[in-house]
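Text of the file coords24.txt, holding compact mmCIF, C-alpha atoms and all ligand atoms:
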```
# COMPACT_ATOMS: atom_id res chain seq x y z
CA MET A 1 10.10 11.86 -16.45
CA SER A 2 11.64 11.56 -12.97
CA SER A 3 11.95 14.33 -10.38
CA GLU A 4 15.06 15.05 -8.33
CA LEU A 5 15.35 13.39 -4.93
CA THR A 6 16.33 15.30 -1.80
CA LEU A 7 17.79 13.22 1.04
CA GLU A 8 15.98 14.02 4.32
CA GLN A 9 17.22 11.18 6.54
CA SER A 10 19.94 8.57 6.35
CA THR A 11 20.27 6.11 9.25
CA LYS A 12 22.34 2.96 9.31
CA SER A 13 20.25 -0.01 10.43
CA PHE A 14 21.39 -3.65 10.30
CA ASP A 15 23.59 -3.94 7.19
CA GLY A 16 21.85 -1.22 5.22
CA TYR A 17 20.39 2.25 5.43
CA GLN A 18 16.96 3.59 6.20
CA TYR A 19 16.53 6.66 4.06
CA VAL A 20 13.78 9.26 3.78
CA TYR A 21 13.67 11.28 0.58
CA SER A 22 11.46 14.07 -0.67
CA HIS A 23 10.67 15.10 -4.21
CA ASP A 24 8.39 17.45 -6.10
CA SER A 25 5.67 15.27 -7.55
CA TYR A 26 4.23 16.25 -10.90
CA THR A 27 1.31 13.85 -10.35
CA VAL A 28 -0.02 15.15 -7.05
CA ASP A 29 1.48 18.61 -7.57
CA CYS A 30 3.19 18.97 -4.19
CA ASN A 31 6.30 17.90 -2.32
CA MET A 32 6.11 14.25 -1.25
CA LYS A 33 8.23 12.24 1.20
CA PHE A 34 8.87 8.52 1.19
CA GLY A 35 10.88 6.00 3.18
CA ILE A 36 13.20 3.47 1.57
CA TYR A 37 15.38 0.82 3.20
CA VAL A 38 18.33 -0.28 1.08
CA PRO A 39 20.25 -3.41 2.17
CA SER A 40 24.00 -3.51 1.50
CA ILE A 41 23.61 -6.26 -1.10
CA ALA A 42 21.93 -3.69 -3.37
CA ASP A 43 25.36 -2.03 -3.71
CA LYS A 44 26.47 -5.04 -5.74
CA GLU A 45 23.40 -6.44 -7.48
CA CYS A 46 19.80 -5.62 -8.27
CA VAL A 47 17.45 -6.90 -5.61
CA PRO A 48 13.68 -7.41 -5.11
CA LEU A 49 11.49 -4.46 -4.19
CA LEU A 50 8.53 -4.42 -1.83
CA ILE A 51 6.28 -1.38 -1.82
CA PHE A 52 4.41 -0.98 1.48
CA LEU A 53 1.30 1.23 1.54
CA SER A 54 0.33 2.57 4.96
CA GLY A 55 -3.05 3.21 6.51
CA LEU A 56 -5.13 6.19 7.56
CA THR A 57 -3.35 9.02 9.40
CA CYS A 58 0.12 7.67 8.52
CA THR A 59 3.07 9.52 7.08
CA GLU A 60 6.16 7.70 5.82
CA GLN A 61 7.35 7.58 9.45
CA ASN A 62 4.82 5.16 11.01
CA PHE A 63 5.97 2.12 9.06
CA ILE A 64 9.70 2.76 9.33
CA THR A 65 9.62 3.50 13.07
CA LYS A 66 7.06 0.93 14.25
CA SER A 67 7.13 -2.20 12.07
CA GLY A 68 10.71 -3.45 12.48
CA VAL A 69 11.00 -3.59 8.68
CA GLN A 70 14.75 -2.87 8.65
CA ARG A 71 15.73 -6.24 10.21
CA LEU A 72 13.59 -8.10 7.68
CA ALA A 73 14.66 -6.09 4.64
CA SER A 74 18.29 -6.70 5.61
CA LYS A 75 17.73 -10.43 6.25
CA TYR A 76 15.85 -11.04 2.98
CA GLY A 77 17.93 -8.60 0.90
CA PHE A 78 14.90 -6.59 -0.25
CA ILE A 79 14.62 -2.88 -0.91
CA VAL A 80 11.45 -1.71 0.85
CA ALA A 81 9.89 1.57 -0.21
CA ASN A 82 6.96 3.21 1.58
CA PRO A 83 5.30 6.31 0.17
CA ASP A 84 3.18 8.84 2.02
CA THR A 85 -0.59 8.30 2.18
CA SER A 86 -1.75 11.54 0.52
CA PRO A 87 -0.69 14.85 -0.94
CA ARG A 88 0.18 17.43 1.76
CA ASN A 89 0.01 21.19 2.23
CA CYS A 90 -2.13 21.78 -0.84
CA ASN A 91 -4.34 24.34 0.91
CA ILE A 92 -7.60 22.72 -0.14
CA GLU A 93 -10.51 23.68 2.06
CA GLY A 94 -11.64 20.66 4.10
CA GLU A 95 -8.52 18.52 3.63
CA ASN A 96 -7.81 18.51 7.37
CA ASP A 97 -11.34 18.44 8.79
CA GLN A 98 -11.61 14.66 9.26
CA TRP A 99 -8.98 12.13 10.37
CA ASN A 100 -10.21 9.70 7.71
CA PHE A 101 -10.38 12.05 4.73
CA GLY A 102 -7.89 14.30 2.98
CA GLU A 103 -4.37 14.62 4.37
CA GLY A 104 -3.22 11.19 5.51
CA ALA A 105 -6.24 9.66 3.80
CA GLY A 106 -5.93 9.67 0.02
CA TYR A 107 -7.24 6.08 -0.40
CA TYR A 108 -4.82 5.43 -3.29
CA ILE A 109 -7.37 6.52 -5.90
CA ASP A 110 -7.44 9.23 -8.57
CA ALA A 111 -10.03 11.89 -7.66
CA THR A 112 -12.18 13.21 -10.47
CA GLU A 113 -14.30 15.70 -8.52
CA GLY A 114 -13.70 19.47 -8.47
CA LYS A 115 -11.14 20.78 -6.03
CA TRP A 116 -9.71 17.34 -5.19
CA SER A 117 -8.82 16.25 -8.70
CA GLU A 118 -5.66 18.31 -9.14
CA ASN A 119 -3.77 16.87 -6.17
CA TYR A 120 -5.52 13.71 -5.03
CA GLN A 121 -4.15 11.42 -7.75
CA MET A 122 -2.72 8.78 -5.48
CA PHE A 123 -3.33 5.74 -7.71
CA SER A 124 -1.32 7.30 -10.53
CA TYR A 125 1.26 8.64 -8.08
CA ILE A 126 1.97 5.19 -6.63
CA ASN A 127 1.72 3.10 -9.76
CA ASP A 128 3.29 5.47 -12.28
CA GLU A 129 5.44 8.23 -10.81
CA PHE A 130 6.59 6.63 -7.55
CA TYR A 131 7.11 3.23 -9.19
CA GLU A 132 9.28 4.77 -11.91
CA LEU A 133 11.11 6.98 -9.42
CA ILE A 134 12.19 3.97 -7.36
CA LEU A 135 13.20 1.96 -10.43
CA SER A 136 15.27 4.77 -11.89
CA ASN A 137 17.09 5.67 -8.66
CA PHE A 138 17.65 2.35 -6.87
CA ASN A 139 19.09 -1.04 -7.77
CA VAL A 140 15.79 -2.89 -8.22
CA ASP A 141 15.18 -6.14 -10.10
CA ILE A 142 12.17 -5.22 -12.22
CA ASP A 143 11.06 -8.87 -12.34
CA ARG A 144 10.79 -9.14 -8.56
CA ILE A 145 8.48 -6.38 -7.36
CA GLY A 146 5.73 -6.98 -4.81
CA ILE A 147 3.21 -4.72 -3.11
CA LEU A 148 1.60 -4.97 0.32
CA GLY A 149 -0.14 -2.71 2.77
CA HIS A 150 -2.12 -2.22 5.93
CA SER A 151 -5.78 -1.21 6.21
CA MET A 152 -6.32 1.66 3.71
CA GLY A 153 -2.90 0.61 2.38
CA GLY A 154 -4.06 -3.00 2.08
CA HIS A 155 -6.88 -1.76 -0.12
CA GLY A 156 -4.29 0.25 -2.09
CA ALA A 157 -2.06 -2.80 -2.54
CA LEU A 158 -4.91 -5.04 -3.70
CA ILE A 159 -6.29 -2.57 -6.25
CA SER A 160 -2.77 -1.78 -7.53
CA PHE A 161 -2.10 -5.47 -8.12
CA PHE A 162 -5.44 -6.16 -9.80
CA LYS A 163 -5.20 -3.08 -12.03
CA ARG A 164 -1.50 -3.37 -12.88
CA PRO A 165 -0.66 -7.10 -13.01
CA SER A 166 2.31 -6.49 -15.29
CA GLN A 167 3.98 -4.31 -12.63
CA TYR A 168 3.68 -6.57 -9.58
CA LYS A 169 4.64 -10.21 -9.18
CA SER A 170 2.96 -10.51 -5.80
CA VAL A 171 0.52 -8.89 -3.39
CA SER A 172 -0.40 -9.37 0.26
CA ALA A 173 -2.21 -7.35 2.90
CA LEU A 174 -2.65 -6.88 6.63
CA ALA A 175 -6.20 -6.03 7.73
CA PRO A 176 -7.10 -4.42 4.39
CA ILE A 177 -10.24 -2.41 3.70
CA CYS A 178 -11.72 -4.98 1.33
CA ASN A 179 -15.04 -3.64 0.17
CA VAL A 180 -15.13 0.12 -0.40
CA THR A 181 -18.85 0.27 -1.15
CA LYS A 182 -19.67 -1.04 2.35
CA CYS A 183 -17.05 0.83 4.42
CA GLU A 184 -18.15 4.22 5.84
CA TRP A 185 -14.60 5.62 5.60
CA THR A 186 -14.40 4.91 1.88
CA ARG A 187 -18.03 5.79 1.18
CA ASN A 188 -17.44 9.26 2.62
CA ALA A 189 -14.17 9.68 0.72
CA PHE A 190 -15.31 8.21 -2.60
CA MET A 191 -18.39 10.45 -2.58
CA LYS A 192 -16.08 13.46 -2.38
CA PHE A 193 -13.30 12.21 -4.64
CA LEU A 194 -15.36 10.41 -7.30
CA GLY A 195 -18.92 11.72 -6.97
CA GLN A 196 -22.22 10.03 -6.27
CA ASP A 197 -22.28 7.44 -9.04
CA GLU A 198 -21.28 4.30 -7.17
CA ASN A 199 -20.67 2.48 -10.46
CA LEU A 200 -17.53 4.61 -10.82
CA TRP A 201 -16.30 3.47 -7.38
CA LYS A 202 -16.11 -0.12 -8.62
CA GLU A 203 -12.92 0.75 -10.47
CA TYR A 204 -11.23 0.89 -7.05
CA ASP A 205 -13.02 -1.95 -5.27
CA ALA A 206 -10.91 -5.09 -4.73
CA CYS A 207 -14.09 -7.22 -4.60
CA GLU A 208 -15.07 -5.99 -8.07
CA LEU A 209 -11.58 -6.01 -9.54
CA VAL A 210 -10.87 -9.64 -8.62
CA ASN A 211 -13.92 -10.58 -10.65
CA SER A 212 -12.59 -8.97 -13.84
CA TYR A 213 -8.90 -9.80 -13.21
CA SER A 214 -7.23 -11.54 -16.14
CA GLY A 215 -3.53 -11.34 -15.17
CA PRO A 216 -1.27 -14.16 -14.00
CA ILE A 217 -2.50 -16.27 -11.08
CA PRO A 218 -0.12 -16.17 -8.08
CA TYR A 219 1.91 -19.33 -7.37
CA ALA A 220 0.58 -19.46 -3.79
CA PRO A 221 -2.78 -18.02 -2.67
CA ILE A 222 -2.42 -14.33 -1.81
CA LEU A 223 -1.79 -13.81 1.89
CA ILE A 224 -4.22 -11.71 3.93
CA ASP A 225 -3.87 -11.46 7.72
CA GLN A 226 -6.73 -10.20 9.87
CA GLY A 227 -6.70 -9.85 13.66
CA SER A 228 -9.76 -11.28 15.42
CA ASP A 229 -9.80 -8.40 17.95
CA ASP A 230 -9.48 -5.66 15.34
CA LYS A 231 -12.19 -3.13 16.24
CA TYR A 232 -12.53 -2.13 12.58
CA LYS A 233 -13.02 -5.65 11.21
CA GLU A 234 -16.82 -5.93 11.26
CA ASP A 235 -17.87 -2.45 10.15
CA TYR A 236 -15.01 -1.21 7.94
CA LEU A 237 -12.79 -4.01 6.61
CA PHE A 238 -15.08 -6.88 5.48
CA PRO A 239 -12.46 -9.60 4.89
CA ASN A 240 -15.12 -12.26 4.37
CA VAL A 241 -16.74 -10.31 1.54
CA PHE A 242 -13.36 -10.34 -0.23
CA LEU A 243 -12.92 -14.04 0.54
CA ASP A 244 -16.30 -14.74 -1.07
CA ALA A 245 -15.45 -12.56 -4.09
CA CYS A 246 -12.13 -14.39 -4.58
CA THR A 247 -13.78 -17.78 -4.21
CA LYS A 248 -16.45 -16.84 -6.73
CA ALA A 249 -13.77 -15.62 -9.16
CA SER A 250 -11.63 -18.76 -8.57
CA PHE A 251 -8.80 -16.52 -7.45
CA PRO A 252 -6.60 -18.16 -4.78
CA ILE A 253 -6.57 -16.47 -1.37
CA HIS A 254 -5.27 -17.46 2.06
CA LEU A 255 -7.16 -15.38 4.65
CA ARG A 256 -5.73 -16.02 8.10
CA GLU A 257 -7.60 -15.01 11.23
CA GLN A 258 -5.00 -14.12 13.84
CA ILE A 259 -6.58 -14.70 17.24
CA GLY A 260 -6.35 -11.87 19.77
CA TYR A 261 -4.61 -9.35 17.51
CA ASP A 262 -5.92 -5.82 16.96
CA HIS A 263 -5.39 -3.30 14.13
CA SER A 264 -2.17 -1.78 15.39
CA TYR A 265 1.50 -1.91 14.47
CA TYR A 266 1.93 -4.63 17.16
CA PHE A 267 -0.13 -6.81 14.81
CA ILE A 268 1.83 -5.65 11.75
CA MET A 269 5.23 -6.30 13.32
CA THR A 270 4.12 -9.77 14.44
CA PHE A 271 3.21 -10.98 10.96
CA LEU A 272 5.37 -8.85 8.66
CA GLU A 273 8.02 -11.57 8.29
CA ASP A 274 5.40 -14.02 6.99
CA HIS A 275 4.64 -11.48 4.27
CA PHE A 276 8.33 -11.22 3.36
CA LYS A 277 8.40 -15.03 3.09
CA TYR A 278 5.26 -14.99 0.98
CA HIS A 279 6.69 -12.47 -1.51
CA LYS A 280 10.09 -14.25 -1.61
CA ASN A 281 8.32 -17.50 -2.51
CA GLU A 282 6.37 -15.75 -5.27
CA PHE A 283 9.56 -14.21 -6.68
CA GLU A 284 11.24 -17.63 -6.71
CA HIS A 285 8.36 -19.26 -8.55
CA SER A 286 7.45 -16.58 -11.06
CA ASP A 287 8.50 -16.88 -14.71
N1 LIG A 301 -8.52 7.66 14.57
C1 LIG A 301 -7.35 7.11 15.06
C2 LIG A 301 -6.98 5.80 14.42
C3 LIG A 301 -6.24 5.83 13.13
C4 LIG A 301 -5.67 4.45 12.82
O1 LIG A 301 -5.93 3.47 13.47
N2 LIG A 301 -4.86 4.40 11.77
C5 LIG A 301 -4.23 3.14 11.43
C6 LIG A 301 -4.64 2.74 10.07
S1 LIG A 301 -6.42 2.57 9.98
C7 LIG A 301 -6.78 2.24 8.37
O2 LIG A 301 -6.24 2.66 7.41
C8 LIG A 301 -2.72 3.33 11.52
O3 LIG A 301 -1.98 2.67 10.84
N3 LIG A 301 -2.31 4.26 12.39
C9 LIG A 301 -0.93 4.61 12.55
C10 LIG A 301 -0.26 4.05 13.75
O4 LIG A 301 0.93 4.37 13.92
O5 LIG A 301 -0.85 3.27 14.50
C11 LIG A 301 -6.24 8.12 15.07
O6 LIG A 301 -6.40 9.19 14.49
O7 LIG A 301 -5.19 7.84 15.66
```
Now, as a test, write the supplied structure out as structure tokens.
Amino acid sequence: MSSELTLEQSTKSFDGYQYVYSHDSYTVDCNMKFGIYVPSIADKECVPLLIFLSGLTCTEQNFITKSGVQRLASKYGFIVANPDTSPRNCNIEGENDQWNFGEGAGYYIDATEGKWSENYQMFSYINDEFYELILSNFNVDIDRIGILGHSMGGHGALISFFKRPSQYKSVSALAPICNVTKCEWTRNAFMKFLGQDENLWKEYDACELVNSYSGPIPYAPILIDQGSDDKYKEDYLFPNVFLDACTKASFPIHLREQIGYDHSYYFIMTFLEDHFKYHKNEFEHSD
């Protein structure tokens, strides 16, 4: 099942087009927007796809206006699709009370609790509906699909990869939230979305999922970049806990500390090309 796309924006950039589309999502039961850059080469052949998941407070606009993704997507010949970070305009009491919960803060999980469970189904939205929507409407090579993200979106990318290894050839992240049971943002959100039983949260914790992962091992260690001057690093992101979990699980990881960089899109735009190179290398070496 695939819903109809409505074109909201079409802007030529480098040799391709930056589009924004909207569609009525049956998974999150509201109208959703997403960005997608399509390089000209996709007019002739199917090309790799990168899905970028954004962080807290973002819409589809932050990544496409601040990261410089168009130059890279054109250079590498990748389609790059970036969904919104939550359902919107669902009229749920409390969904706009906190900057780090509700609208703009869906945490890429499927809520099970009360009033949130009808709309806040972001894991299924990304990995089922959105994934299928992109494949059925754009010229994507199904064997070369990678996922990456920033902060909350880095968490989303990691859990998507660990839970759906058959769908993604590669994963990387920029300053991801690594350990949801320790991070106050996710603790607050998971309590509301999933309830008090923290055992149920483990289903969406990258540190837990790497331990039970049984999919293919990446050709090169997965790339994680973390700025040393990121104000969220110590109390919210916990990259070293993920590093330890990966090491314990014998899962290859390359965690790079980038000296002097903060959590912003200046950091993202500095290292985004390395992530394109990482995914390209994975695509070239996968079966
Ligand atoms: N409270 C602040 C900060 C929000 C913020 O820093 N959001 C980051 C992601 S944080 C983790 O997911 C972000 O990507 N912001 C968008 C941007 O364009 O910088 C606030 O409300 O602004």
Output as CSV one row per residue of chain A within 8 Å of ligand LIG 301 (chain A): the closest atom pair and its distance in Å to one decimal place, counting all atoms listed in the file, sorted by chain and residue number ascending.
```
residue,atom,partner,partner_atom,distance
A:Ser54,CA,A:LIG301,O3,6.3
A:Gly55,CA,A:LIG301,O2,3.4
A:Leu56,CA,A:LIG301,O2,3.7
A:Thr57,CA,A:LIG301,N2,5.4
A:Cys58,CA,A:LIG301,C9,5.2
A:Asn62,CA,A:LIG301,O4,4.9
A:Phe63,CA,A:LIG301,O4,7.4
A:Lys66,CA,A:LIG301,O4,7.0
A:Trp99,CA,A:LIG301,O6,5.7
A:Asn100,CA,A:LIG301,N1,7.4
A:Ala105,CA,A:LIG301,O2,7.9
A:His150,CA,A:LIG301,O2,6.6
A:Ser151,CA,A:LIG301,O2,4.1
A:Met152,CA,A:LIG301,O2,3.8
A:Gly153,CA,A:LIG301,O2,6.4
A:Pro176,CA,A:LIG301,O2,7.7
A:Ile177,CA,A:LIG301,C7,7.4
A:His263,CA,A:LIG301,O1,6.8
A:Ser264,CA,A:LIG301,O5,5.3
A:Tyr265,CA,A:LIG301,O5,5.7
```
Note to self: Give me the residues near region 6-10 of chain A as a list in words, where near means some atom within 12 Å (using all atoms listed in the file) and where sequence neighbours in that chain fewer than 5 positions away do not count.
What the structure shows: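 Once the nearby chain positions are removed, what remains is Gly16, Tyr17, Gln18, Tyr19, Val20, Tyr21, Ser22, His23, Asp24, Asn31, Met32, Lys33, Phe34, Gly35, Ile36, Tyr37, Val38, Glu60, Gln61, Ile64 and Asn137 of chain A.
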Checklist line | Contacts of Glu184 (chain A) within 9 Å, all atoms listed in the file, excl. fewer than 5 positions in-chain, as a list in words | finding: Ala189, Asp235 and Tyr236 of chain A
Check: At what distance in Å, to one decimal, does CA of Ser286 (chain A) lie from CA of Tyr168 (chain A)?
Finding: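 CA of Ser286 (chain A) lies 10.8 Å from CA of Tyr168 (chain A).
The spacing separating CA of Pro83 (chain A) from CA of Phe276 (chain A) amounts to 18.1 Å.
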Pull the closest atom pair for each residue of region 94-211 of chain A that gets at most 8 Å from region 215-223 of chain A, along with the distance in Å to one decimal, counting all atoms listed in the file, ordering rows by chain and then ascending residue number, as CSV.
```
residue,atom,partner,partner_atom,distance
A:Phe162,CA,A:Gly215,CA,7.7
A:Pro165,CA,A:Gly215,CA,5.6
A:Ser166,CA,A:Gly215,CA,7.6
A:Lys169,CA,A:Pro218,CA,7.7
A:Ser170,CA,A:Pro218,CA,6.8
A:Val171,CA,A:Ile222,CA,6.4
A:Ser172,CA,A:Leu223,CA,4.9
A:Ala173,CA,A:Leu223,CA,6.6
```
Can you write out the residues you just picked, keeping C-alpha atoms, as a PDB file, in the frame of the given file?
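Once everything was written out, this is again_22.pdb:
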```
ATOM      1  CA  PHE A 162      -5.440  -6.160  -9.800  1.00  0.00           C
ATOM      2  CA  PRO A 165      -0.660  -7.100 -13.010  1.00  0.00           C
ATOM      3  CA  SER A 166       2.310  -6.490 -15.290  1.00  0.00           C
ATOM      4  CA  LYS A 169       4.640 -10.210  -9.180  1.00  0.00           C
ATOM      5  CA  SER A 170       2.960 -10.510  -5.800  1.00  0.00           C
ATOM      6  CA  VAL A 171       0.520  -8.890  -3.390  1.00  0.00           C
ATOM      7  CA  SER A 172      -0.400  -9.370   0.260  1.00  0.00           C
ATOM      8  CA  ALA A 173      -2.210  -7.350   2.900  1.00  0.00           C
TER       9      ALA A 173
END
```
Note to self: Ranking A:Ser13, A:Gln70, A:Thr85, A:Gln167 by minimum distance to Asp141 (chain A) and counting all atoms listed in the file, which one comes first?
What the structure shows: A:Gln167
Note to self: Could you check the closest approach to Asp43 (chain A) for each of A:Leu72, A:Ala111, A:Asp97, A:Phe138 and tell me which residue wins, using all atoms listed in the file?
What the structure shows: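 Of A:Leu72, A:Ala111, A:Asp97, A:Phe138, the one nearest Asp43 (chain A) is A:Phe138, counting all atoms listed in the file.
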Notebook entry, point to check: Which is closest to Ser250 (chain A) among A:Ser212, A:Phe271, A:Lys280, A:Ile145, if we use only C-alpha atoms?
Noted result: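 Among A:Ser212, A:Phe271, A:Lys280, A:Ile145, it is A:Ser212 that comes nearest to Ser250 (chain A).
Distances here use all atoms listed in the file; by that measure, the residue among A:Ser40, A:Asn188, A:Gln258, A:Asn179 closest to Leu243 (chain A) is A:Asn179.
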Next item on the list: Find the distance between CA of Cys183 (chain A) and CA of Val241 (chain A) and write it in Å to one decimal.
Entry: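 Interatomic distance, CA of Cys183 (chain A) to CA of Val241 (chain A): 11.5 Å.
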Could you give me, as a short mmCIF file (atom, residue, chain, number, x, y, z; two decimals) with C-alpha atoms, keeping the file's coordinate frame, the residues that have an atom at most 10 Å away from the point (17.6, -10.2, 5.0) in the coordinates of the file, using only C-alpha atoms?
```cif
data_model
loop_
_atom_site.label_atom_id
_atom_site.label_comp_id
_atom_site.auth_asym_id
_atom_site.auth_seq_id
_atom_site.Cartn_x
_atom_site.Cartn_y
_atom_site.Cartn_z
CA PHE A 14 21.39 -3.65 10.30
CA ASP A 15 23.59 -3.94 7.19
CA GLY A 16 21.85 -1.22 5.22
CA PRO A 39 20.25 -3.41 2.17
CA SER A 40 24.00 -3.51 1.50
CA ILE A 41 23.61 -6.26 -1.10
CA GLN A 70 14.75 -2.87 8.65
CA ARG A 71 15.73 -6.24 10.21
CA LEU A 72 13.59 -8.10 7.68
CA ALA A 73 14.66 -6.09 4.64
CA SER A 74 18.29 -6.70 5.61
CA LYS A 75 17.73 -10.43 6.25
CA TYR A 76 15.85 -11.04 2.98
CA GLY A 77 17.93 -8.60 0.90
CA PHE A 78 14.90 -6.59 -0.25
CA ILE A 79 14.62 -2.88 -0.91
CA PHE A 276 8.33 -11.22 3.36
#
```
Next item on the list: Using only C-alpha atoms, find all polymer residues with an atom at most 12 Å away from the point (-4.9, -10.3, 9.7); report them as JSON, numbers by chain.
Entry: {"A": [149, 150, 151, 154, 172, 173, 174, 175, 176, 177, 223, 224, 225, 226, 227, 228, 229, 230, 232, 233, 237, 238, 239, 240, 254, 255, 256, 257, 258, 259, 260, 261, 262, 263, 264, 265, 266, 267, 268, 269, 270, 271, 272, 274, 275]}
Checklist line | Counting all atoms listed in the file, the residue of A:Tyr213, A:Trp116, A:Tyr107, A:Phe52 that sits nearest Trp201 (chain A) | finding: A:Tyr107
If I wrap all listed atoms of region 220-233 of chain A in a box with edges along x, y and z and add 5 Å on each side, what are its centre and edge lengths in Å to one decimal, as AutoDock Vina command-line options?
```
--center_x -6.2 --center_y -10.8 --center_z 7.1 --size_x 23.6 --size_y 27.3 --size_z 31.7
```
Write a file for region 235-257 of chain A of the given structure; include C-alpha atoms and format it as a PDB file, in the first residue's frame.
```
ATOM      1  CA  ASP A 235      24.727  13.838  29.860  1.00  0.00           C
ATOM      2  CA  TYR A 236      22.596  12.807  26.864  1.00  0.00           C
ATOM      3  CA  LEU A 237      24.568  11.033  24.132  1.00  0.00           C
ATOM      4  CA  PHE A 238      26.946   8.541  25.839  1.00  0.00           C
ATOM      5  CA  PRO A 239      29.099   7.546  22.835  1.00  0.00           C
ATOM      6  CA  ASN A 240      31.519   5.608  25.031  1.00  0.00           C
ATOM      7  CA  VAL A 241      28.756   3.394  26.403  1.00  0.00           C
ATOM      8  CA  PHE A 242      27.938   2.424  22.809  1.00  0.00           C
ATOM      9  CA  LEU A 243      31.627   1.907  22.044  1.00  0.00           C
ATOM     10  CA  ASP A 244      31.871  -0.476  25.009  1.00  0.00           C
ATOM     11  CA  ALA A 245      28.677  -2.301  23.969  1.00  0.00           C
ATOM     12  CA  CYS A 246      30.004  -2.750  20.409  1.00  0.00           C
ATOM     13  CA  THR A 247      33.382  -3.932  21.665  1.00  0.00           C
ATOM     14  CA  LYS A 248      31.723  -6.426  23.991  1.00  0.00           C
ATOM     15  CA  ALA A 249      29.538  -7.690  21.131  1.00  0.00           C
ATOM     16  CA  SER A 250      32.544  -7.852  18.743  1.00  0.00           C
ATOM     17  CA  PHE A 251      30.729  -5.482  16.425  1.00  0.00           C
ATOM     18  CA  PRO A 252      33.110  -3.196  14.488  1.00  0.00           C
ATOM     19  CA  ILE A 253      32.805   0.533  15.216  1.00  0.00           C
ATOM     20  CA  HIS A 254      34.922   3.568  14.367  1.00  0.00           C
ATOM     21  CA  LEU A 255      34.059   6.305  16.892  1.00  0.00           C
ATOM     22  CA  ARG A 256      35.855   9.517  15.961  1.00  0.00           C
ATOM     23  CA  GLU A 257      36.181  12.371  18.423  1.00  0.00           C
TER      24      GLU A 257
END
```
